[in-house]
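As provided, input-v2.txt (compact mmCIF, C-alpha atoms) reads as follows.
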# COMPACT_ATOMS: atom_id res chain seq x y z
CA MET A 36 80.37 94.20 110.60
CA ARG A 37 81.20 97.79 109.69
CA ASP A 38 80.95 100.21 112.59
CA THR A 39 81.72 103.79 111.58
CA ASN A 40 82.56 104.66 115.20
CA ARG A 41 85.70 102.58 114.77
CA VAL A 42 88.68 104.29 113.12
CA PHE A 43 91.54 102.39 111.52
CA ALA A 44 94.39 104.63 110.36
CA PHE A 45 97.34 103.81 108.13
CA ASP A 46 100.64 105.52 107.53
CA ALA A 47 101.64 105.70 103.84
CA ASP A 48 105.41 105.73 103.17
CA ASP A 49 107.10 102.44 104.06
CA THR A 50 103.84 101.12 105.50
CA LEU A 51 101.66 100.83 102.40
CA TRP A 52 104.41 101.33 99.82
CA HIS A 53 108.20 101.54 99.54
CA ASN A 54 109.75 104.96 100.07
CA GLU A 55 112.95 105.12 102.13
CA LYS A 56 114.88 102.79 99.83
CA PHE A 57 114.70 105.41 97.08
CA PHE A 58 116.18 108.00 99.44
CA ARG A 59 119.00 105.56 100.24
CA LEU A 60 119.72 104.95 96.56
CA THR A 61 119.76 108.68 95.85
CA GLN A 62 122.07 109.28 98.81
CA GLU A 63 124.50 106.72 97.36
CA ARG A 64 124.41 108.61 94.07
CA PHE A 65 125.00 111.85 95.97
CA ALA A 66 128.01 110.33 97.75
CA GLY A 67 129.49 109.38 94.40
CA LEU A 68 129.14 112.93 93.12
CA LEU A 69 130.99 114.33 96.15
CA ALA A 70 133.50 111.49 96.58
CA ASP A 71 136.45 113.83 95.96
CA HIS A 72 135.36 116.18 98.75
CA ALA A 73 134.13 114.02 101.64
CA GLU A 74 134.13 110.45 102.92
CA VAL A 75 130.80 108.63 102.72
CA GLU A 76 130.28 108.63 106.50
CA THR A 77 131.18 112.31 106.86
CA LEU A 78 128.94 113.32 103.98
CA GLY A 79 126.06 111.26 105.38
CA ALA A 80 126.38 112.88 108.79
CA LYS A 81 126.45 116.37 107.29
CA LEU A 82 123.42 115.60 105.11
CA LEU A 83 121.46 114.25 108.08
CA ALA A 84 122.35 117.37 110.08
CA ALA A 85 121.12 119.54 107.21
CA GLU A 86 117.87 117.58 106.99
CA ARG A 87 117.28 117.95 110.73
CA ARG A 88 118.09 121.66 110.55
CA ASN A 89 115.79 122.22 107.60
CA LEU A 90 112.69 120.35 108.74
CA GLY A 91 111.21 123.54 110.10
CA HIS A 92 111.77 125.30 106.77
CA TYR A 93 110.99 122.64 104.17
CA GLY A 94 109.07 119.97 106.05
CA PHE A 95 109.29 116.28 105.17
CA GLY A 96 109.72 114.88 101.69
CA ILE A 97 111.76 114.75 98.53
CA LYS A 98 111.95 118.49 97.87
CA GLY A 99 113.41 119.20 101.31
CA PHE A 100 115.82 116.28 100.88
CA THR A 101 117.00 117.67 97.53
CA LEU A 102 117.56 121.14 98.97
CA SER A 103 119.46 119.62 101.90
CA MET A 104 121.71 117.75 99.46
CA ILE A 105 122.48 121.01 97.66
CA GLU A 106 123.22 122.74 100.95
CA THR A 107 125.52 119.89 101.98
CA ALA A 108 127.31 119.97 98.62
CA LEU A 109 127.97 123.68 99.11
CA GLU A 110 129.29 123.03 102.62
CA VAL A 111 131.73 120.24 101.80
CA THR A 112 133.13 122.06 98.74
CA ASP A 113 133.44 125.41 100.53
CA ARG A 114 130.83 126.76 98.07
CA GLN A 115 132.90 125.67 95.08
CA VAL A 116 130.60 122.87 93.96
CA PRO A 117 130.43 122.73 90.14
CA GLY A 118 127.17 123.64 88.47
CA ALA A 119 127.13 120.20 86.83
CA VAL A 120 126.97 118.56 90.27
CA ILE A 121 124.05 120.78 91.31
CA ALA A 122 122.32 119.78 88.09
CA GLU A 123 122.87 116.10 88.90
CA ILE A 124 121.42 116.56 92.39
CA LEU A 125 118.35 118.28 90.98
CA ALA A 126 117.94 115.51 88.40
CA ALA A 127 118.15 112.88 91.13
CA GLY A 128 115.42 114.63 93.10
CA GLN A 129 113.21 114.86 90.03
CA GLU A 130 113.70 111.16 89.36
CA MET A 131 112.53 110.39 92.89
CA LEU A 132 109.39 112.43 92.27
CA ARG A 133 108.66 110.35 89.17
CA HIS A 134 109.37 106.94 90.65
CA PRO A 135 106.46 104.48 90.38
CA ILE A 136 104.77 103.22 93.52
CA GLU A 137 105.48 99.69 94.80
CA LEU A 138 102.91 98.42 97.30
CA LEU A 139 104.17 96.41 100.25
CA PRO A 140 102.88 92.85 100.88
CA GLY A 141 99.35 92.76 102.27
CA ALA A 142 98.76 96.51 102.00
CA GLU A 143 95.79 96.45 99.66
CA GLU A 144 94.20 93.48 101.42
CA ALA A 145 94.62 94.99 104.90
CA VAL A 146 93.00 98.29 103.92
CA ALA A 147 90.09 96.47 102.27
CA ALA A 148 89.60 94.14 105.24
CA LEU A 149 89.55 96.95 107.81
CA ALA A 150 87.17 98.96 105.63
CA GLU A 151 84.64 96.20 106.30
CA ARG A 152 85.04 96.72 110.04
CA GLY A 153 85.01 100.53 110.33
CA ARG A 154 86.24 103.80 108.87
CA VAL A 155 89.72 103.69 107.33
CA ILE A 156 91.81 106.83 107.00
CA LEU A 157 95.25 107.59 105.64
CA ILE A 158 97.46 109.81 107.83
CA THR A 159 100.68 110.84 106.12
CA LYS A 160 103.08 113.74 106.26
CA GLY A 161 105.26 115.36 103.65
CA ASP A 162 104.92 117.35 100.48
CA LEU A 163 101.23 117.70 99.52
CA LEU A 164 101.64 117.23 95.76
CA ASP A 165 104.02 114.27 96.11
CA GLN A 166 101.82 112.47 98.64
CA GLU A 167 98.76 113.01 96.46
CA ARG A 168 100.69 111.63 93.47
CA LYS A 169 101.75 108.52 95.35
CA LEU A 170 98.26 107.86 96.66
CA ALA A 171 96.77 108.22 93.17
CA GLN A 172 99.37 105.85 91.68
CA SER A 173 98.91 103.32 94.48
CA GLY A 174 95.36 102.53 93.43
CA LEU A 175 94.26 102.74 97.08
CA GLY A 176 92.74 106.22 97.01
CA ASP A 177 89.12 105.09 96.75
CA ALA A 178 89.55 102.66 99.65
CA PHE A 179 89.91 105.39 102.28
CA ASP A 180 87.07 107.25 103.95
CA ALA A 181 89.43 110.18 104.53
CA VAL A 182 92.97 111.25 103.70
CA GLU A 183 94.98 113.54 105.97
CA ILE A 184 98.27 114.98 104.71
CA VAL A 185 99.80 116.83 107.65
CA SER A 186 103.00 118.77 108.27
CA ASP A 187 103.85 116.53 111.23
CA LYS A 188 102.25 113.78 113.30
CA THR A 189 101.74 114.68 116.93
CA GLU A 190 99.56 113.57 119.81
CA ALA A 191 97.24 116.49 118.99
CA THR A 192 96.98 115.29 115.37
CA TYR A 193 95.76 111.87 116.44
CA ALA A 194 93.51 113.23 119.19
CA ARG A 195 91.75 115.39 116.60
CA LEU A 196 91.38 112.63 114.01
CA PHE A 197 90.26 109.99 116.51
CA ALA A 198 87.87 112.24 118.46
CA GLY A 199 84.50 110.61 119.09
CA SER A 200 85.59 107.12 118.04
CA THR A 201 84.83 104.07 120.18
CA PHE A 202 87.95 102.31 118.91
CA ALA A 203 91.00 103.85 117.25
CA LEU A 204 94.11 102.24 115.80
CA MET A 205 97.14 103.54 113.93
CA ALA A 206 99.37 101.21 111.89
CA GLY A 207 102.75 102.37 110.66
CA ASN A 208 106.47 101.75 110.42
CA SER A 209 107.70 104.82 112.30
CA MET A 210 107.88 104.45 116.06
CA LYS A 211 108.39 108.20 116.43
CA SER A 212 105.58 109.43 114.18
CA ASP A 213 103.05 106.61 113.92
CA ILE A 214 103.15 104.78 117.22
CA LEU A 215 104.23 106.91 120.17
CA PRO A 216 101.96 109.92 119.51
CA ALA A 217 99.00 107.64 118.67
CA LEU A 218 99.47 105.78 121.96
CA ALA A 219 99.69 109.11 123.79
CA ALA A 220 96.34 110.05 122.24
CA GLY A 221 94.76 106.91 123.64
CA ALA A 222 94.69 104.79 120.46
CA HIS A 223 96.13 101.40 119.69
CA GLY A 224 99.48 101.56 117.94
CA VAL A 225 100.53 98.76 115.57
CA HIS A 226 104.19 98.88 114.62
CA VAL A 227 104.93 97.32 111.22
CA PRO A 228 108.74 97.52 110.91
CA HIS A 229 110.23 98.24 107.51
CA GLU A 230 113.65 97.07 106.38
CA THR A 231 114.86 100.67 106.13
CA THR A 232 113.91 103.53 108.45
CA TRP A 233 115.09 107.13 108.24
CA ALA A 234 117.31 108.00 111.19
CA LEU A 235 115.08 110.93 112.16
CA GLU A 236 112.09 108.57 112.49
CA GLU A 237 113.74 106.20 114.95
CA ALA A 238 112.71 106.07 118.61
CA GLU A 239 112.81 103.68 121.54
CA ASP A 240 109.99 101.19 121.94
CA PRO A 241 107.28 102.25 124.37
CA ALA A 242 106.75 100.44 127.64
CA ALA A 243 104.78 97.24 127.19
CA GLY A 244 101.06 97.80 127.38
CA PRO A 245 97.73 96.52 126.06
CA ARG A 246 97.55 99.09 123.25
CA PHE A 247 101.01 98.53 121.75
CA HIS A 248 101.37 95.81 119.15
CA ARG A 249 103.95 94.71 116.59
CA ILE A 250 103.40 92.62 113.46
CA ALA A 251 105.83 91.54 110.75
CA THR A 252 103.69 92.65 107.80
CA LEU A 253 100.27 94.14 107.15
CA GLU A 254 99.07 90.68 106.20
CA ALA A 255 98.67 90.00 109.94
CA LEU A 256 96.70 93.15 110.68
CA PRO A 257 93.11 91.92 110.07
CA GLU A 258 93.58 88.98 112.43
CA LEU A 259 95.07 91.25 115.08
CA VAL A 260 92.17 93.67 114.77
CA ASP A 261 89.61 90.89 115.04
CA GLY A 262 91.28 89.74 118.22
CA LEU A 263 91.17 93.22 119.69
CA LEU A 264 87.52 93.63 118.73
CA GLY A 265 86.62 90.21 120.08
CA ALA A 266 85.32 89.10 116.70
Take the structure in the file and write it out as structure tokens.
Amino acid sequence: MRDTNRVFAFDADDTLWHNEKFFRLTQERFAGLLADHAEVETLGAKLLAAERRNLGHYGFGIKGFTLSMIETALEVTDRQVPGAVIAEILAAGQEMLRHPIELLPGAEEAVAALAERGRVILITKGDLLDQERKLAQSGLGDAFDAVEIVSDKTEATYARLFAGSTFALMAGNSMKSDILPALAAGAHGVHVPHETTWALEEAEDPAAGPRFHRIATLEALPELVDGLLGA
């Protein structure tokens, strides 16, 4: 039975559809372009440092990643990086922005099932235009009662979005962004691990508690929710 006082929230990237694997593939391409200037491990560390440094300027997403690659290329070549390499980096970023969406197993079914039990909302962070594009291509846009594209996911974000609900749950692959702040806001957090996770999204598991859950795929989410609701 649908109860609109219940809120079921989903992360987008690497929860509903693949995302990080395309960053990994582009980073391998980037390493090949700069192979004469830095070892793979060194280049990766410098790129990650640039991404961390630039989050406050560019936010999350492909555009910030592309700019961080350019900054890293300038650093490892002592600002002598050829224009052709910059062009290749820009082309790689543009290809990422055009990549088709691949839904993860059980994503569509889980969203539809929870929509029968309460309000379903999408909570994602990153570049506004890119996230809107991915949602439109996913075919899931009409399934959500609300879509929130935020600059970052914090306890305050979840407290605001879950305010007034009698039951709130957040499902996602990022322990740092999807689970820990949702738990801090008083909601249930369902960790759905993905095969690849960005280093800046990793965090230690929370202490065991009645509101923390882990499932292998979204296919198990409806059954978990029914158990929590006592259905």
Point-to-point distance from CA of Asp240 in chain A to CA of Ala206 in chain A, Å rounded to tenths | 14.6 Å
Which is closer to Leu138 in chain A than all the others in A:Phe202, A:Tyr93, A:Trp52, A:Phe197, using all atoms listed in the file?
-> A:Trp52
Distance criterion (all atoms listed in the file): nearest to Arg87 in chain A out of A:Gly99, A:Phe179, A:Arg154, A:Ala217 | A:Gly99
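Distance check against Gln172 in chain A using only C-alpha atoms: of A:Lys211, A:Pro140, A:Ser200, A:Pro135, the minimum falls on A:Pro135.
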Pick from A:Phe45, A:Tyr193, A:Phe65, A:Phe100, whichever lies nearest to Val227 in chain A using all atoms listed in the file = A:Phe45
Near Ala73 in chain A, within 12 Å and counting only C-alpha atoms, which residues show up once chain neighbours fewer than 4 positions away are dropped, as a ChimeraX atom specification?
-> /A:65-69,77-82,107-113
Distance CA of Gly176 in chain A-CA of Leu102 in chain A, one decimal place?
->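 Distance reported for this atom pair: 29.0 Å.
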From the set A:Phe57, A:Phe247, A:Phe95, A:Trp233, which residue has the shortest atom-to-atom contact distance to Ile214 in chain A, counting only C-alpha atoms?
->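 Residue with the minimum atom-to-atom distance to Ile214 in chain A: A:Phe247.
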Would you mind reading off the distance between CA of Ala251 in chain A and CA of Pro228 in chain A, one decimal, in Å?
->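 Answer for the CA of Ala251 in chain A to CA of Pro228 in chain A separation: 6.7 Å.
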Looking at A:Leu253, A:Ile121, A:Ala178, A:Ala127, which one is nearest to Gly153 in chain A, with distances taken over all atoms listed in the file?
->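 With all atoms listed in the file as the atom set, the closest residue is A:Ala178.
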Which residues of range 48-160 of chain A come within 8 Å of range 37-42 of chain A, and what is each one's closest atom pair and distance in Å (one decimal), counting all atoms listed in the file, sorted by chain and residue number, as JSON lines?
{"residue": "A:Ala150", "atom": "CA", "partner": "A:Arg37", "partner_atom": "CA", "distance": 7.3}
{"residue": "A:Glu151", "atom": "CA", "partner": "A:Arg37", "partner_atom": "CA", "distance": 5.1}
{"residue": "A:Arg152", "atom": "CA", "partner": "A:Arg37", "partner_atom": "CA", "distance": 4.0}
{"residue": "A:Gly153", "atom": "CA", "partner": "A:Asp38", "partner_atom": "CA", "distance": 4.7}
{"residue": "A:Arg154", "atom": "CA", "partner": "A:Val42", "partner_atom": "CA", "distance": 4.9}
{"residue": "A:Val155", "atom": "CA", "partner": "A:Val42", "partner_atom": "CA", "distance": 5.9}
{"residue": "A:Ile156", "atom": "CA", "partner": "A:Val42", "partner_atom": "CA", "distance": 7.3}
Give, as JSON, the centre coordinates and the x, y and z edge lengths in Å to one decimal for an axis-aligned box around all listed atoms of range 75-78 of chain A, padded by 5 Å on each side.
{"center_x": 130.1, "center_y": 111.0, "center_z": 104.8, "size_x": 12.2, "size_y": 14.7, "size_z": 14.1}
